[in-house]
Amino acid sequence: MKFVVTRFGYAVVVILLASIGTFIGLHGSPGSVISSVFDVATTPHSVIVAYERKHGLLDPVWVQYWHYISNIVTGHFGTSLVSDLPVMTIFTTSIGYTAQLAGAAFLLAFGLGIPVGVIAAIERDSALDRFVRAAASVVLSVPNFVLGTLLVLVIGVHLRWLPVGGAGSINDLILPAVVLAAEPWSLTVRVTRTAFLEQMSADFTRTLRARGVSERRILWRHVLRNSLGSIISLGTIQVRNLLGYTVLVEVIFRWPGLGTQLVNAVLNRDYAVAEVLSLLLAAAVVLASALGDVVLRLVDPRVRVTGEAS
Amino acid sequence: MSLAAAQPLPVGPSPGRPLALRVAARLVSRANLFWVTGSAILLVGGVAGVVIQVVPSLRHLYLDQNLIATFKPPFSAGHILGTDNLGRDMFWQLLGGLGISLSIGVGVSLISVVLGIVVGIFGGFFGQVADAVTNVVVDVTWAFPAILLAVVFAGWIGPSLTTVVLALALTNWAGFARIVRGEVLSLRERDFVNAARVLGVPKVVISARHFVVNLLPVTMVMIVYFIATSIIGEAGLSFLGLGVQAPTPSLGLILTVGRDYLAISPWMVVLPGVLLALGVLFLNALGDHLRDLLDPFGRIQKR
C-alpha cells in the first residue's frame with residue numbers, strides 16, 4: 001500500500017514537471033497565435049490587443065501558467081484561442097476516437113501477439129517458429145506510415161475492400177488499427193517468445209516435469225506467470241508508443257482523434273489546446289507506467305523483494 | 001535473440017587488435033553474407049547520396065525537372081526507377097533521400113549517445129541527489145511519446161533539417177541514459193574503480209577513462225538501433241510536413257507527395273517505402289548481430 005502511494009505520488013510530481021515543460025516549450029516558441037487568427041497587416045491594433053487581453057496573453061508568464069494549471073485541476077480546461085470552442089469539447093469529441101483506435105490496436109497487438117509468441121516458443125526452431133520470427137522482424141522494420149500508405153494503396157485504392165480514411169463505421173477502424181498494432185505486435189511476439197523460452201528451460205520447470213506435473217499445467221500455471229513480468233513491462237512501454245504513433249496514423253487515415261487535434265493546435269500555436277492535450281497524453285503515459293509497476297508487484301512477489309532491497 | 005549464439009567478447013584493454021577491428025571481423029565471419037552485403041550497399045548508397053548533394057556540379061542529377069516526362073514508371077528510358085510528379089529522376093531522388101536519412105541517423109545517434117552517457121554516468125556515480133534529479137528529468141522526458149515531443153519541438157523552431165536532428169536526439173537520449181545508469185551502478189562496485197578511487201583519481205577522470213571505455217560495447221549496439229529509429233523518425237516528421245523541406249530529397253517527403261498521386265503513380269509510394277523498410281530491416285539485423293556479440297546478457301532493451 002505504501003508502495004502504491006509513493007509510486008503514484010511520484011507520478012504526480014513527474015506530471016507536474018511535465019506541465020511546466022509543455023508550458024515553457026509552447027510559450028517559448030517564436031511564432032504567435034495572433035498570426036493564425038488575424039491577418040496582422042490589415043487588422044487594427046486595438047482589435048489584436050482586445051483579443052490578447054480577453055485570452056490573458058498580456059498577463060505575466062507565471063499568471064498564465066497559474067491559469068493553465070488551475071484550469072486543468074478544476075477540470076474546465078479553458079477555451080481554444082483559435083476556434084473559441086471550450087478545450088473540454090475538443091477533448092471529449094476526440095478522446096473517444098483515439099481511445100477506440102489505441103484500444104483496438106492494443107487488443108490486436110497483445111491478443112494476437114501473446115498466443116503467437118507462446119506457440120513459437122513451444123515449437124522452437126520449427127518452420128513455424130522461423131516464419132514467425134522472420135515475420136516479426138519484417139513487420140518491425142516497416143514504419144507505420146509506410147505500412148499505412150501501402151495498405152491504403154492495395155486494399156483501399158486497388159481492391160476497394162475497405163475505406164481509406166474517415167471515421168464512423170467499424171470498417172473505418174480496421175486499417176488504422178492494424179497499422180497501429182503492427183509494431184507492438186511484433187515486439188510482443190518477440191518478448192513473449194524469449195520470456196517463455198527462458199522459463200521453459202529454467203530449473204523449476206525441470207523439477208515440475210520430474211514430479212510428473214502435466215505439460216499443460218506447467219505451461220499455463222508456472223511458465224506463463226513467470227513470464228508475465230516482461231510482458232507487463234512491455235505493455236506499459238507500448239502505451240507510450242501507441243499514444244505517440246496514433247499522431248501519425250490519425251493523420252494518414254484522417255482519423256479525427258487527439259493526435260490530429262494536437263498537430264493542428266501546435267501548428268496554429270493554439271497554446272490553450274496544445275498544452276492541455278499534450279499534458280493529458282503525457283499524464284496517460286506516466287499513469288500507465290505507475291499502474292504497470294503496481295500490477296507487476298501484485299502478480300510477481302519477487303519484484304517486492306528486490307524492490308525493498310534497493 | 002538465441003542464447004546459444006551468444007558468446008561474450010572480452011571487454012576492456014586487451015592485447016593485439018583494437019576492439020572495433022575484432023568486432024568487425026567477428027561480424028563479417030559470423031553474420032551471413034546477406035546482411036553484411038545489404039548493409040554495405042546501403043552505406044555506399046547513402047554516401048553517394050550525400051556526395052551528390054554536397055558537390056554542386058552533381059546536384060542536377062536529382063534536382064532537374066522535366067515537366068513533359070512526369071510519372072514515368074520504373075525501367076523507362078533514361079530513368080531506371082522512373083520519374084516523380086515533376087519529372088525528376090526517382091533513382092537519384094531516392095539516393096539523395098537515403099543520404100539525408102543516414103546523415104540524420106548518424107547525427108541523431110551521436111548526440112543521443114553522448115547526452116545519454118553524460119547524464120547516465122552523472123546519475124549513477126555522482127551521489128544520490130544527482131541520481132534523483134537525473135531520474136526525474138529522464139522520467140519527464142520519457143513521459144512524452146517520442147513522436148509527440150518531436151512534433152511539438154518541430155512546431156517550435158520551425159521545420160528544417162536541424163530541427164529534425166534536435167527533436168529526435170532530445171527524445172532518444174533519455175532511454176539510453178537509463179541503460180547507462182544501470183551499467184554504471186554495477187561498474188562502480190568493481191575493483192578497478194575502487195582502486196582508482198583509493199588512489200585519489202577524481203570522479204570525472206574515472207568516468208572518462210574507465211566508464212566510457214566499458215560502456216563502448218553497449219554504445220555501439222545502441223548507435224545502430226538509434227540510426228534505425230532516427231531514419232523512421234525523420235521520414236515520419238517529413239511525412240507530417242514538420243521535417244526536411246523540398247527541394248532537399250527525403251524519403252518521407254517523397255512518400256507524402258506520392259500519397260496525392262496514389263492512383264496515377266503508386267511507385268512514388270512503393271519505392272521510398274520499400275527502401276525505408278529495407279534500410280531499417282538491415283540496420284535492425286546488424287544491431288541484433290552486434291548485440292549477440294557484445295551484449296550476451298541482454299542488458300539492452302530495445303525501445
# chains A, B, ... in the order shown; residues from 1 in each chain; ligands from 1

$ interface_residues --of "chain A" --to "chain B" --cutoff "8 Å" --atoms "only C-alpha atoms" --output "VMD selection string"
chain A and resid 14 to 15 17 to 18 25 to 26 28 to 31 137 to 138 140 to 143 145 to 147 149 to 150 153 157 194 240 to 241 243 to 245 247 to 248 251 263 266 to 267 278 281 to 283 285 to 286

$ residues_around --residues "Ser233 in chain A" --least-positions-apart "2" --cutoff "12 Å" --atoms "only C-alpha atoms" --output "NGL selection string"
(:A and (187-188 or 191-192 or 195 or 227-231 or 235-240 or 288-297 or 300)) or (:B and (301 or 303))

$ write_last_selection --atoms "C-alpha atoms" --output "tab-separated table (two decimals), in the first residue's frame"
chain	number	residue	atom	x	y	z
A	187	LEU	CA	7.57	-6.64	-30.11
A	188	THR	CA	5.02	-8.63	-28.09
A	191	VAL	CA	9.29	-10.63	-25.87
A	192	THR	CA	6.74	-13.38	-25.15
A	195	ALA	CA	10.43	-14.95	-21.89
A	227	SER	CA	6.80	-14.62	-18.00
A	228	LEU	CA	4.14	-12.06	-17.13
A	229	GLY	CA	6.72	-9.62	-15.75
A	230	SER	CA	8.39	-8.92	-19.08
A	231	ILE	CA	5.03	-8.84	-20.87
A	235	GLY	CA	2.72	-3.29	-22.12
A	236	THR	CA	3.41	-0.08	-20.23
A	237	ILE	CA	6.09	0.94	-22.73
A	238	GLN	CA	3.65	0.21	-25.52
A	239	VAL	CA	1.10	2.64	-24.09
A	240	ARG	CA	3.67	5.35	-24.75
A	288	ALA	CA	0.15	3.75	-17.23
A	289	SER	CA	3.74	3.26	-16.18
A	290	ALA	CA	2.86	3.65	-12.48
A	291	LEU	CA	-0.07	1.27	-12.89
A	292	GLY	CA	2.21	-1.22	-14.63
A	293	ASP	CA	4.64	-1.16	-11.71
A	294	VAL	CA	1.82	-1.70	-9.22
A	295	VAL	CA	0.28	-4.57	-11.18
A	296	LEU	CA	3.71	-6.13	-11.59
A	297	ARG	CA	4.14	-6.15	-7.81
A	300	ASP	CA	5.08	-11.17	-9.10
B	301	GLN	CA	16.21	-3.30	-24.09
B	303	ARG	CA	12.65	0.82	-27.35

$ select_by_dssp --residues "range 129-176 of chain A" --states "helix (DSSP H, G or I)" --output "PyMOL selection string"
chain A and resi 129-141+144-158+170-176

$ closest_residue --among "B:Leu187, B:Ala69, B:Ala48, B:Ile100" --to "Asn85 in chain B" --atoms "only C-alpha atoms"
B:Ala69

$ closest_residue --among "A:Glu215, A:Gly56, A:Val63, A:Pro256" --to "Gly78 in chain A" --atoms "only C-alpha atoms"
A:Gly56

$ residues_around --residues "Ile114 in chain A" --least-positions-apart "2" --cutoff "8 Å" --atoms "only C-alpha atoms" --output "CSV table (one decimal) with C-alpha atoms, in the first residue's frame"
chain,number,residue,atom,x,y,z
A,110,PHE,CA,-1.5,-8.3,-27.3
A,111,GLY,CA,-4.4,-10.6,-28.2
A,112,LEU,CA,-2.6,-11.8,-31.2
A,116,VAL,CA,1.7,-16.4,-31.4
A,117,GLY,CA,4.8,-15.8,-29.2
A,118,VAL,CA,3.8,-18.8,-26.9
A,188,THR,CA,5.0,-8.6,-28.1
A,189,VAL,CA,5.7,-11.8,-30.1
A,192,THR,CA,6.7,-13.4,-25.2

$ residues_around --residues "Leu185 in chain B" --least-positions-apart "6" --cutoff "9 Å" --atoms "only C-alpha atoms" --output "PyMOL selection string"
chain B and resi 121+124-125

$ closest_residue --among "B:Leu102, B:Ile68, B:Leu290, B:Ile117" --to "Gly87 in chain B" --atoms "only C-alpha atoms"
B:Ile68

$ atom_distance --atom1 "CA of Thr171 in chain B" --atom2 "CA of Met222 in chain B"
14.3 Å

$ residues_around --residues "Val132 in chain A" --least-positions-apart "3" --cutoff "8 Å" --atoms "only C-alpha atoms" --output "CSV table (one decimal) with C-alpha atoms, in the first residue's frame"
chain,number,residue,atom,x,y,z
A,116,VAL,CA,1.7,-16.4,-31.4
A,120,ALA,CA,6.6,-20.0,-31.4
A,128,LEU,CA,6.5,-22.2,-37.9
A,129,ASP,CA,8.9,-20.6,-35.3
A,135,ALA,CA,7.5,-12.0,-39.9
A,136,ALA,CA,8.1,-10.1,-36.6

$ residues_around --residues "Ser83 in chain A" --least-positions-apart "4" --cutoff "10 Å" --atoms "only C-alpha atoms" --output "PyMOL selection string"
chain A and resi 37+79+87+90+270

$ write_last_selection --atoms "C-alpha atoms" --output "PDB file, in the first residue's frame"
ATOM      1  CA  VAL A  37      -6.157  34.090 -36.098  1.00  0.00           C
ATOM      2  CA  THR A  79     -11.100  27.745 -24.379  1.00  0.00           C
ATOM      3  CA  VAL A  87     -10.987  22.770 -24.854  1.00  0.00           C
ATOM      4  CA  ILE A  90     -12.441  19.432 -28.322  1.00  0.00           C
ATOM      5  CA  ASP A 270      -3.147  27.390 -30.120  1.00  0.00           C
TER       6      ASP A 270
END

$ residues_around --residues "Gly96 in chain A" --least-positions-apart "5" --cutoff "12 Å" --atoms "only C-alpha atoms" --output "list of chain:residue names"
A:Thr89, A:Ile90, A:Phe91, A:Leu101, A:Ala102, A:Gly103, A:Ala104, A:Ala167, A:Gly168, A:Trp255, A:Pro256, A:Gly257, A:Leu258, A:Gly259

$ write_last_selection --atoms "C-alpha atoms" --output "short mmCIF file (atom, residue, chain, number, x, y, z; two decimals), in the first residue's frame"
data_model
loop_
_atom_site.label_atom_id
_atom_site.label_comp_id
_atom_site.auth_asym_id
_atom_site.auth_seq_id
_atom_site.Cartn_x
_atom_site.Cartn_y
_atom_site.Cartn_z
CA THR A 89 -15.43 19.97 -26.03
CA ILE A 90 -12.44 19.43 -28.32
CA PHE A 91 -11.11 16.86 -25.87
CA LEU A 101 -8.11 3.34 -32.17
CA ALA A 102 -5.49 2.84 -29.48
CA GLY A 103 -7.68 0.34 -27.63
CA ALA A 104 -8.31 -1.74 -30.73
CA ALA A 167 -14.23 7.54 -39.06
CA GLY A 168 -17.70 6.20 -38.46
CA TRP A 255 -8.98 9.98 -38.09
CA PRO A 256 -10.41 12.86 -36.00
CA GLY A 257 -8.67 11.93 -32.73
CA LEU A 258 -6.42 13.64 -30.21
CA GLY A 259 -3.34 13.35 -32.44
#

$ closest_residue --among "B:Val51, B:Asp260, B:Leu33, B:Phe91" --to "Phe75 in chain B" --atoms "only C-alpha atoms"
B:Phe91
